[in-house]
There are 2 protein chains.
Amino acid sequence: MKVTEPAQSASRQAQKERTRQAILASALELSQEQGFAQVSLRQVSRHAGIVPTAFYRHFESMDQLGLALVEQSFSTLRRMIRDAQRDPHVFENIIDAAADVLVEAVKQSKAHFAFVARERVGGPEVVRTAIRHELDLFVSELAVVLARLPNIENWSSDDVQMVSRLFVRNMVSNAEEVVEMPDGRPDLEEQIKEGARRQMRLIVVGFRDWRS
Amino acid sequence: MKVTEPAQSASRQAQKERTRQAILASALELSQEQGFAQVSLRQVSRHAGIVPTAFYRHFESMDQLGLALVEQSFSTLRRMIRDAQRDPHVFENIIDAAADVLVEAVKQSKAHFAFVARERVGGPEVVRTAIRHELDLFVSELAVVLARLPNIENWSSDDVQMVSRLFVRNMVSNAEEVVEMPDGRPDLEEQIKEGARRQMRLIVVGFRDWRS
DNA sequence: GAAATCAGTGAACATGCGTACACTCAAAGT
DNA sequence: ACTTTGAGTGTACGCATGTTCACTGATTTC
């Protein structure tokens, strides 16, 4: 890891930013083993190549570090959703596209998704609260996207909100499965995608039929 | 807590069992604050009214204590399902009955459900593995029950298994919600029940329509 | 009633922890 | 050229932890 005192020194604030990122990356990596709450300030510092007291130059406590990780994870997630929306394929068949995007996104940013899934229920109080809040926001954002879709455009906004909640809940569950998935098992991956497809289709079809 | 050396002494093994239960109860209670992994052997011992070294007379490590709690939690869960099956009302309308039973069961044994929901993703490795295994077993057991129901009796066993998986997943999600629910808010409780009803109906209706 | 058993005790240890404090020494500001 | 700034250092502290060991004394066994 060792990011401090590079051979060719960078500008002061650039170097500070590099150390900050090293701390975030270290915390994320160490969290995967036993959860963020088990990781000590000294472990993170050691892994980031700084002395424990230097940690305080970047975060005032481990709780604040946790919140920074939540922010980082969700900004990753949001960027992915934004990219996916640009793809015109999504408008034709949201369900298949969503299943693909989900699996790909989680594979690319396993650590961040794992962090959210784990700390959502297992983390320190402040972190849990922050994640819940972000997920609530996310449900509302997704509802806006869903409301524009052909099958859904004339549903009541309450119904759209509920479907959005179901989607996000299933997204979290599926993300958990992908995270637990051992590497190099494309069969399992396809199986999870297929499961996600079925579940989403179930929700959309069932909801429409039940209401009409 | 103080269970040791009662005024009127009990038999040796009865007293041992009482201490064991005190340890289990202490660990369960202390886990609610910050998760089982944060609870130390000394904290549990202190709360149970024994000296740290006496802990080892009952469990060889905190991991073993965790496994005992998993066992206890699932035996609670299974007893509830068994009781619910005796109720003839269940055969008429599984969905409404299941929603009622779920909310009631979780309210009665909040601590155990909270433990499972939390440690399923946030706990020590051995505990996570044990919980996953129990939940897998549970999916299969539920599938057996579901297969006997009128709407479902002629489905393929793969389909029943998948629906069972969806049910259990939603049960876990709903249990999480009930656990997070503040006390004395019957409105929220009804809201969660209604949500659970809708979701289960969605699954059954959507699945049948989509397949036929 | 003597001997064996064993749940619970209490002192001691090495280790890792968070944080306080005084420090260094390049880069940035003047 | 000088001063100021501030990221990173090193020591030191008090505290909680898991585990060890020799122990006590009531219950059980014989």
# chains A, B, ... in the order shown; residues from 1 in each chain; ligands from 1

call {"tool": "closest_atom_pairs", "arguments": {"of": "stretch 48-69 of chain B", "to": "stretch 10-24 of chain C", "cutoff": "12 Å", "atoms": "only C-alpha atoms (C1' of nucleotides)", "output": "tab-separated table"}}
result
residue	atom	partner	partner_atom	distance
B:Ile50	CA	C:DG10	C1'	11.9
B:Val51	CA	C:DG10	C1'	8.8
B:Pro52	CA	C:DG10	C1'	10.4
B:Thr53	CA	C:DG10	C1'	9.8
B:Ala54	CA	C:DG10	C1'	11.4

call {"tool": "closest_atom_pairs", "arguments": {"of": "chain A", "to": "chain D", "cutoff": "12 Å", "atoms": "only C-alpha atoms (C1' of nucleotides)", "output": "Markdown table"}}
result
| residue | atom | partner | partner_atom | distance |
| --- | --- | --- | --- | --- |
| A:Val3 | CA | D:DG8 | C1' | 11.5 |
| A:Thr4 | CA | D:DG8 | C1' | 8.3 |
| A:Glu5 | CA | D:DG8 | C1' | 9.2 |
| A:Ser11 | CA | D:DA7 | C1' | 11.7 |
| A:Arg12 | CA | D:DA7 | C1' | 8.4 |
| A:Gln13 | CA | D:DA7 | C1' | 9.5 |
| A:Ala14 | CA | D:DA7 | C1' | 11.5 |
| A:Gln15 | CA | D:DA7 | C1' | 8.9 |
| A:Lys16 | CA | D:DA7 | C1' | 7.2 |
| A:Glu17 | CA | D:DA7 | C1' | 10.9 |
| A:Arg18 | CA | D:DA7 | C1' | 11.7 |
| A:Thr19 | CA | D:DA7 | C1' | 9.5 |
| A:Arg20 | CA | D:DA7 | C1' | 11.1 |
| A:Ser45 | CA | D:DG8 | C1' | 11.5 |
| A:Gly49 | CA | D:DG8 | C1' | 10.4 |
| A:Ile50 | CA | D:DG8 | C1' | 7.2 |
| A:Val51 | CA | D:DT9 | C1' | 7.2 |
| A:Pro52 | CA | D:DG8 | C1' | 9.7 |
| A:Thr53 | CA | D:DG8 | C1' | 8.4 |
| A:Ala54 | CA | D:DG8 | C1' | 5.8 |
| A:Phe55 | CA | D:DG8 | C1' | 9.3 |
| A:Tyr56 | CA | D:DA7 | C1' | 10.2 |
| A:Arg57 | CA | D:DA7 | C1' | 7.1 |
| A:His58 | CA | D:DA7 | C1' | 9.4 |

call {"tool": "interface_residues", "arguments": {"of": "chain C", "to": "chain B", "cutoff": "10 Å", "atoms": "only C-alpha atoms (C1' of nucleotides)", "output": "list in words"}}
result
DC6, DA7, DG8, DT9 and DG10 of chain C

call {"tool": "write_last_selection", "arguments": {"atoms": "N, CA and C atoms (P, O5', C5', C4', C3', O3' and C1' of nucleotides)", "output": "PDB file, in the first residue's frame"}}
result
ATOM      1  P    DC C   6     -16.895 -34.383  36.351  1.00  0.00           P
ATOM      2  O5'  DC C   6     -17.699 -33.016  36.420  1.00  0.00           O
ATOM      3  C5'  DC C   6     -18.344 -32.590  37.620  1.00  0.00           C
ATOM      4  C4'  DC C   6     -18.243 -31.077  37.792  1.00  0.00           C
ATOM      5  C3'  DC C   6     -17.559 -30.311  36.637  1.00  0.00           C
ATOM      6  O3'  DC C   6     -18.152 -29.025  36.570  1.00  0.00           O
ATOM      7  C1'  DC C   6     -16.457 -29.843  38.599  1.00  0.00           C
ATOM      8  P    DA C   7     -19.003 -28.552  35.261  1.00  0.00           P
ATOM      9  O5'  DA C   7     -19.719 -27.227  35.785  1.00  0.00           O
ATOM     10  C5'  DA C   7     -20.770 -27.331  36.732  1.00  0.00           C
ATOM     11  C4'  DA C   7     -20.845 -26.071  37.560  1.00  0.00           C
ATOM     12  C3'  DA C   7     -20.715 -24.761  36.797  1.00  0.00           C
ATOM     13  O3'  DA C   7     -21.540 -23.784  37.437  1.00  0.00           O
ATOM     14  C1'  DA C   7     -18.887 -24.965  38.306  1.00  0.00           C
ATOM     15  P    DG C   8     -21.493 -22.245  36.928  1.00  0.00           P
ATOM     16  O5'  DG C   8     -20.389 -21.576  37.835  1.00  0.00           O
ATOM     17  C5'  DG C   8     -20.709 -21.195  39.170  1.00  0.00           C
ATOM     18  C4'  DG C   8     -19.457 -20.673  39.837  1.00  0.00           C
ATOM     19  C3'  DG C   8     -18.910 -19.364  39.238  1.00  0.00           C
ATOM     20  O3'  DG C   8     -18.810 -18.374  40.242  1.00  0.00           O
ATOM     21  C1'  DG C   8     -17.189 -20.928  39.587  1.00  0.00           C
ATOM     22  P    DT C   9     -18.069 -16.963  39.957  1.00  0.00           P
ATOM     23  O5'  DT C   9     -16.651 -17.202  40.647  1.00  0.00           O
ATOM     24  C5'  DT C   9     -16.575 -17.495  42.050  1.00  0.00           C
ATOM     25  C4'  DT C   9     -15.139 -17.451  42.494  1.00  0.00           C
ATOM     26  C3'  DT C   9     -14.426 -16.111  42.292  1.00  0.00           C
ATOM     27  O3'  DT C   9     -14.032 -15.626  43.556  1.00  0.00           O
ATOM     28  C1'  DT C   9     -13.072 -17.914  41.547  1.00  0.00           C
ATOM     29  P    DG C  10     -13.853 -14.035  43.732  1.00  0.00           P
ATOM     30  O5'  DG C  10     -12.296 -13.864  43.451  1.00  0.00           O
ATOM     31  C5'  DG C  10     -11.384 -14.778  44.059  1.00  0.00           C
ATOM     32  C4'  DG C  10      -9.973 -14.449  43.603  1.00  0.00           C
ATOM     33  C3'  DG C  10      -9.762 -13.018  43.119  1.00  0.00           C
ATOM     34  O3'  DG C  10      -8.460 -12.624  43.514  1.00  0.00           O
ATOM     35  C1'  DG C  10      -9.205 -14.483  41.379  1.00  0.00           C
TER      36       DG C  10
END

call {"tool": "closest_residue", "arguments": {"among": "A:Met162, A:Ala130, A:Val179, A:Leu24", "to": "A:Glu104", "atoms": "only C-alpha atoms"}}
result
A:Val179

call {"tool": "interface_residues", "arguments": {"of": "chain B", "to": "chain A", "cutoff": "8 Å", "atoms": "only C-alpha atoms", "output": "PyMOL selection string"}}
result
chain B and resi 34-35+37-38+117-119+121-125+169+173+202-203+205-207+209-210

call {"tool": "write_last_selection", "arguments": {"atoms": "N, CA and C atoms", "output": "PDB file, in the first residue's frame"}}
result
ATOM      1  N   GLN B  34     -24.786  -3.753  19.112  1.00  0.00           N
ATOM      2  CA  GLN B  34     -23.768  -3.538  18.078  1.00  0.00           C
ATOM      3  C   GLN B  34     -23.419  -4.788  17.290  1.00  0.00           C
ATOM      4  N   GLY B  35     -24.207  -5.830  17.448  1.00  0.00           N
ATOM      5  CA  GLY B  35     -23.897  -7.052  16.712  1.00  0.00           C
ATOM      6  C   GLY B  35     -23.058  -8.021  17.530  1.00  0.00           C
ATOM      7  N   ALA B  37     -20.580  -9.931  16.866  1.00  0.00           N
ATOM      8  CA  ALA B  37     -19.122  -9.923  16.706  1.00  0.00           C
ATOM      9  C   ALA B  37     -18.438  -8.886  17.591  1.00  0.00           C
ATOM     10  N   GLN B  38     -19.183  -7.857  17.983  1.00  0.00           N
ATOM     11  CA  GLN B  38     -18.610  -6.804  18.836  1.00  0.00           C
ATOM     12  C   GLN B  38     -18.629  -7.183  20.297  1.00  0.00           C
ATOM     13  N   ALA B 117     -31.232 -12.097  11.265  1.00  0.00           N
ATOM     14  CA  ALA B 117     -31.164 -11.120  10.175  1.00  0.00           C
ATOM     15  C   ALA B 117     -29.809 -10.410  10.160  1.00  0.00           C
ATOM     16  N   ARG B 118     -29.324 -10.061  11.348  1.00  0.00           N
ATOM     17  CA  ARG B 118     -28.071  -9.318  11.453  1.00  0.00           C
ATOM     18  C   ARG B 118     -26.876 -10.206  11.134  1.00  0.00           C
ATOM     19  N   GLU B 119     -26.794 -11.327  11.812  1.00  0.00           N
ATOM     20  CA  GLU B 119     -25.585 -12.148  11.724  1.00  0.00           C
ATOM     21  C   GLU B 119     -25.525 -12.943  10.422  1.00  0.00           C
ATOM     22  N   VAL B 121     -25.543 -11.767   7.555  1.00  0.00           N
ATOM     23  CA  VAL B 121     -24.588 -11.078   6.685  1.00  0.00           C
ATOM     24  C   VAL B 121     -23.455 -10.424   7.450  1.00  0.00           C
ATOM     25  N   GLY B 122     -23.673 -10.111   8.719  1.00  0.00           N
ATOM     26  CA  GLY B 122     -22.680  -9.338   9.444  1.00  0.00           C
ATOM     27  C   GLY B 122     -21.851 -10.111  10.441  1.00  0.00           C
ATOM     28  N   GLY B 123     -22.221 -11.352  10.686  1.00  0.00           N
ATOM     29  CA  GLY B 123     -21.580 -12.094  11.761  1.00  0.00           C
ATOM     30  C   GLY B 123     -20.252 -12.732  11.377  1.00  0.00           C
ATOM     31  N   PRO B 124     -19.668 -13.418  12.337  1.00  0.00           N
ATOM     32  CA  PRO B 124     -18.437 -14.171  12.071  1.00  0.00           C
ATOM     33  C   PRO B 124     -18.718 -15.259  11.043  1.00  0.00           C
ATOM     34  N   GLU B 125     -17.696 -15.602  10.299  1.00  0.00           N
ATOM     35  CA  GLU B 125     -17.802 -16.583   9.214  1.00  0.00           C
ATOM     36  C   GLU B 125     -18.596 -17.842   9.590  1.00  0.00           C
ATOM     37  N   ARG B 169     -36.994 -15.472   1.280  1.00  0.00           N
ATOM     38  CA  ARG B 169     -36.278 -14.218   1.114  1.00  0.00           C
ATOM     39  C   ARG B 169     -37.139 -13.047   1.585  1.00  0.00           C
ATOM     40  N   SER B 173     -36.675 -10.364   4.684  1.00  0.00           N
ATOM     41  CA  SER B 173     -36.764  -8.913   4.496  1.00  0.00           C
ATOM     42  C   SER B 173     -37.816  -8.297   5.401  1.00  0.00           C
ATOM     43  N   LEU B 202     -48.583 -11.307  -4.957  1.00  0.00           N
ATOM     44  CA  LEU B 202     -47.854 -11.002  -6.188  1.00  0.00           C
ATOM     45  C   LEU B 202     -47.103 -12.215  -6.691  1.00  0.00           C
ATOM     46  N   ILE B 203     -46.413 -12.868  -5.790  1.00  0.00           N
ATOM     47  CA  ILE B 203     -45.580 -14.000  -6.168  1.00  0.00           C
ATOM     48  C   ILE B 203     -46.442 -15.139  -6.688  1.00  0.00           C
ATOM     49  N   VAL B 205     -49.746 -15.153  -7.665  1.00  0.00           N
ATOM     50  CA  VAL B 205     -50.536 -14.808  -8.847  1.00  0.00           C
ATOM     51  C   VAL B 205     -49.642 -14.668 -10.069  1.00  0.00           C
ATOM     52  N   GLY B 206     -48.561 -13.886  -9.904  1.00  0.00           N
ATOM     53  CA  GLY B 206     -47.671 -13.618 -11.035  1.00  0.00           C
ATOM     54  C   GLY B 206     -47.054 -14.895 -11.550  1.00  0.00           C
ATOM     55  N   PHE B 207     -46.683 -15.758 -10.658  1.00  0.00           N
ATOM     56  CA  PHE B 207     -46.023 -16.981 -11.054  1.00  0.00           C
ATOM     57  C   PHE B 207     -46.968 -17.866 -11.867  1.00  0.00           C
ATOM     58  N   ASP B 209     -49.746 -16.985 -13.517  1.00  0.00           N
ATOM     59  CA  ASP B 209     -50.119 -16.372 -14.783  1.00  0.00           C
ATOM     60  C   ASP B 209     -48.997 -16.439 -15.804  1.00  0.00           C
ATOM     61  N   TRP B 210     -47.794 -16.239 -15.293  1.00  0.00           N
ATOM     62  CA  TRP B 210     -46.661 -16.184 -16.205  1.00  0.00           C
ATOM     63  C   TRP B 210     -46.377 -17.556 -16.810  1.00  0.00           C
TER      64      TRP B 210
END

call {"tool": "select_by_dssp", "arguments": {"residues": "chain A", "states": "alpha helix (DSSP H)", "output": "number ranges by chain"}}
result
A: 12-34, 41-48, 62-86, 89-92, 94-108, 110-122, 125-147, 157-180, 186-211

call {"tool": "write_last_selection", "arguments": {"atoms": "C-alpha atoms", "output": "compact mmCIF listing (two decimals), in the first residue's frame"}}
result
# COMPACT_ATOMS: atom_id res chain seq x y z
CA ARG A 12 0.73 18.75 -0.93
CA GLN A 13 -3.01 18.39 -1.46
CA ALA A 14 -2.57 15.76 -4.14
CA GLN A 15 -0.52 13.68 -1.73
CA LYS A 16 -3.13 14.18 0.98
CA GLU A 17 -5.82 12.96 -1.39
CA ARG A 18 -3.75 9.88 -2.26
CA THR A 19 -3.40 9.02 1.41
CA ARG A 20 -7.11 9.57 1.94
CA GLN A 21 -7.88 7.17 -0.87
CA ALA A 22 -5.41 4.67 0.54
CA ILE A 23 -7.25 4.80 3.86
CA LEU A 24 -10.62 4.30 2.17
CA ALA A 25 -9.31 1.42 0.06
CA SER A 26 -7.67 -0.20 3.08
CA ALA A 27 -10.83 0.04 5.16
CA LEU A 28 -12.89 -1.41 2.32
CA GLU A 29 -10.51 -4.32 1.87
CA LEU A 30 -10.15 -5.07 5.57
CA SER A 31 -13.94 -4.90 6.00
CA GLN A 32 -14.45 -7.82 3.64
CA GLU A 33 -12.86 -10.22 6.08
CA GLN A 34 -14.93 -9.61 9.22
CA LEU A 41 -8.16 2.42 13.44
CA ARG A 42 -4.69 0.96 13.87
CA GLN A 43 -5.30 -1.83 11.33
CA VAL A 44 -6.47 0.64 8.72
CA SER A 45 -3.54 2.94 9.35
CA ARG A 46 -1.03 0.09 9.23
CA HIS A 47 -2.51 -1.19 5.97
CA ALA A 48 -2.52 2.30 4.45
CA MET A 62 -13.80 5.41 12.38
CA ASP A 63 -17.49 6.33 12.21
CA GLN A 64 -16.69 9.20 9.87
CA LEU A 65 -14.59 6.86 7.75
CA GLY A 66 -17.60 4.53 7.57
CA LEU A 67 -19.83 7.34 6.36
CA ALA A 68 -17.28 8.27 3.71
CA LEU A 69 -17.36 4.67 2.49
CA VAL A 70 -21.15 4.76 2.29
CA GLU A 71 -20.95 7.90 0.19
CA GLN A 72 -18.31 6.39 -2.08
CA SER A 73 -20.30 3.19 -2.54
CA PHE A 74 -23.51 4.93 -3.48
CA SER A 75 -21.84 7.34 -5.85
CA THR A 76 -20.42 4.26 -7.61
CA LEU A 77 -23.90 2.76 -7.72
CA ARG A 78 -25.48 5.94 -9.05
CA ARG A 79 -22.92 6.34 -11.81
CA MET A 80 -23.74 2.83 -12.98
CA ILE A 81 -27.46 3.46 -13.09
CA ARG A 82 -26.88 6.70 -15.01
CA ASP A 83 -24.69 4.92 -17.55
CA ALA A 84 -27.25 2.16 -17.92
CA GLN A 85 -30.01 4.64 -18.61
CA ARG A 86 -28.11 6.00 -21.60
CA HIS A 89 -31.65 -1.15 -25.07
CA VAL A 90 -32.95 -0.47 -21.58
CA PHE A 91 -36.13 1.13 -22.85
CA GLU A 92 -37.02 -1.89 -24.93
CA ILE A 94 -35.89 -3.11 -18.82
CA ILE A 95 -36.05 -6.42 -17.12
CA ASP A 96 -33.41 -8.33 -19.04
CA ALA A 97 -31.23 -5.23 -19.19
CA ALA A 98 -31.57 -4.63 -15.48
CA ALA A 99 -30.56 -8.19 -14.68
CA ASP A 100 -27.46 -7.84 -16.89
CA VAL A 101 -26.55 -4.46 -15.48
CA LEU A 102 -27.02 -5.67 -11.92
CA VAL A 103 -24.73 -8.66 -12.25
CA GLU A 104 -22.09 -6.71 -14.19
CA ALA A 105 -22.16 -3.77 -11.83
CA VAL A 106 -21.87 -5.92 -8.75
CA LYS A 107 -19.02 -7.91 -10.27
CA GLN A 108 -17.13 -4.72 -11.11
CA LYS A 110 -17.95 -6.18 -5.53
CA ALA A 111 -16.26 -4.52 -2.58
CA HIS A 112 -18.64 -1.57 -2.51
CA PHE A 113 -21.77 -3.68 -2.91
CA ALA A 114 -20.53 -6.10 -0.27
CA PHE A 115 -19.94 -3.17 2.03
CA VAL A 116 -23.47 -1.85 1.60
CA ALA A 117 -25.08 -5.27 1.93
CA ARG A 118 -23.10 -6.13 5.05
CA GLU A 119 -23.11 -2.82 6.90
CA ARG A 120 -26.76 -2.15 6.09
CA VAL A 121 -27.65 -4.55 8.89
CA GLY A 122 -24.38 -5.34 10.61
CA GLU A 125 -25.52 2.60 14.07
CA VAL A 126 -24.51 5.74 12.14
CA VAL A 127 -23.46 3.70 9.13
CA ARG A 128 -26.69 1.67 9.13
CA THR A 129 -28.73 4.86 9.28
CA ALA A 130 -26.80 6.43 6.41
CA ILE A 131 -27.25 3.36 4.22
CA ARG A 132 -30.96 3.15 4.94
CA HIS A 133 -31.33 6.78 4.00
CA GLU A 134 -29.44 6.31 0.74
CA LEU A 135 -31.53 3.27 -0.14
CA ASP A 136 -34.74 5.23 0.52
CA LEU A 137 -33.50 7.98 -1.79
CA PHE A 138 -32.64 5.32 -4.30
CA VAL A 139 -36.16 3.90 -4.24
CA SER A 140 -37.57 7.33 -5.06
CA GLU A 141 -35.08 7.90 -7.85
CA LEU A 142 -35.83 4.54 -9.39
CA ALA A 143 -39.57 5.27 -9.15
CA VAL A 144 -39.04 8.31 -11.39
CA VAL A 145 -37.31 6.16 -13.98
CA LEU A 146 -39.93 3.41 -13.78
CA ALA A 147 -42.82 5.84 -14.15
CA SER A 157 -47.60 7.01 -7.98
CA ASP A 158 -48.16 4.93 -4.82
CA ASP A 159 -48.11 1.78 -6.89
CA VAL A 160 -44.98 2.86 -8.71
CA GLN A 161 -43.32 3.59 -5.38
CA MET A 162 -44.21 0.15 -4.05
CA VAL A 163 -42.92 -1.61 -7.15
CA SER A 164 -39.76 0.46 -6.90
CA ARG A 165 -39.35 -0.69 -3.29
CA LEU A 166 -39.74 -4.31 -4.33
CA PHE A 167 -37.17 -3.82 -7.09
CA VAL A 168 -34.62 -2.29 -4.76
CA ARG A 169 -35.17 -4.96 -2.14
CA ASN A 170 -34.62 -7.65 -4.73
CA MET A 171 -31.62 -5.76 -6.05
CA VAL A 172 -30.07 -5.85 -2.60
CA SER A 173 -30.84 -9.57 -2.20
CA ASN A 174 -29.43 -10.40 -5.61
CA ALA A 175 -26.39 -8.26 -4.95
CA GLU A 176 -25.80 -10.28 -1.78
CA GLU A 177 -25.89 -13.45 -3.87
CA VAL A 178 -23.44 -12.13 -6.45
CA VAL A 179 -21.12 -10.98 -3.71
CA GLU A 180 -21.15 -14.44 -2.13
CA PRO A 186 -20.09 -18.18 -15.02
CA ASP A 187 -22.80 -20.82 -14.63
CA LEU A 188 -23.77 -19.51 -11.20
CA GLU A 189 -23.70 -15.99 -12.57
CA GLU A 190 -26.15 -16.86 -15.33
CA GLN A 191 -28.31 -18.63 -12.79
CA ILE A 192 -28.50 -15.53 -10.62
CA LYS A 193 -29.29 -13.37 -13.67
CA GLU A 194 -32.05 -15.74 -14.67
CA GLY A 195 -33.42 -15.68 -11.13
CA ALA A 196 -33.36 -11.89 -11.11
CA ARG A 197 -35.13 -11.76 -14.48
CA ARG A 198 -37.86 -14.09 -13.27
CA GLN A 199 -38.38 -12.18 -10.07
CA MET A 200 -38.66 -8.82 -11.80
CA ARG A 201 -41.00 -10.21 -14.44
CA LEU A 202 -43.03 -11.73 -11.64
CA ILE A 203 -43.35 -8.38 -9.97
CA VAL A 204 -44.37 -6.46 -13.07
CA VAL A 205 -46.73 -9.08 -14.48
CA GLY A 206 -48.25 -10.01 -11.16
CA PHE A 207 -48.77 -6.45 -10.13
CA ARG A 208 -50.53 -5.48 -13.35
CA ASP A 209 -52.77 -8.54 -13.42
CA TRP A 210 -53.66 -8.27 -9.78
CA ARG A 211 -54.64 -4.64 -10.05

call {"tool": "atom_distance", "arguments": {"atom1": "atom CA of A:Ser61", "atom2": "atom C1' of C:DA27"}}
result
26.8 Å
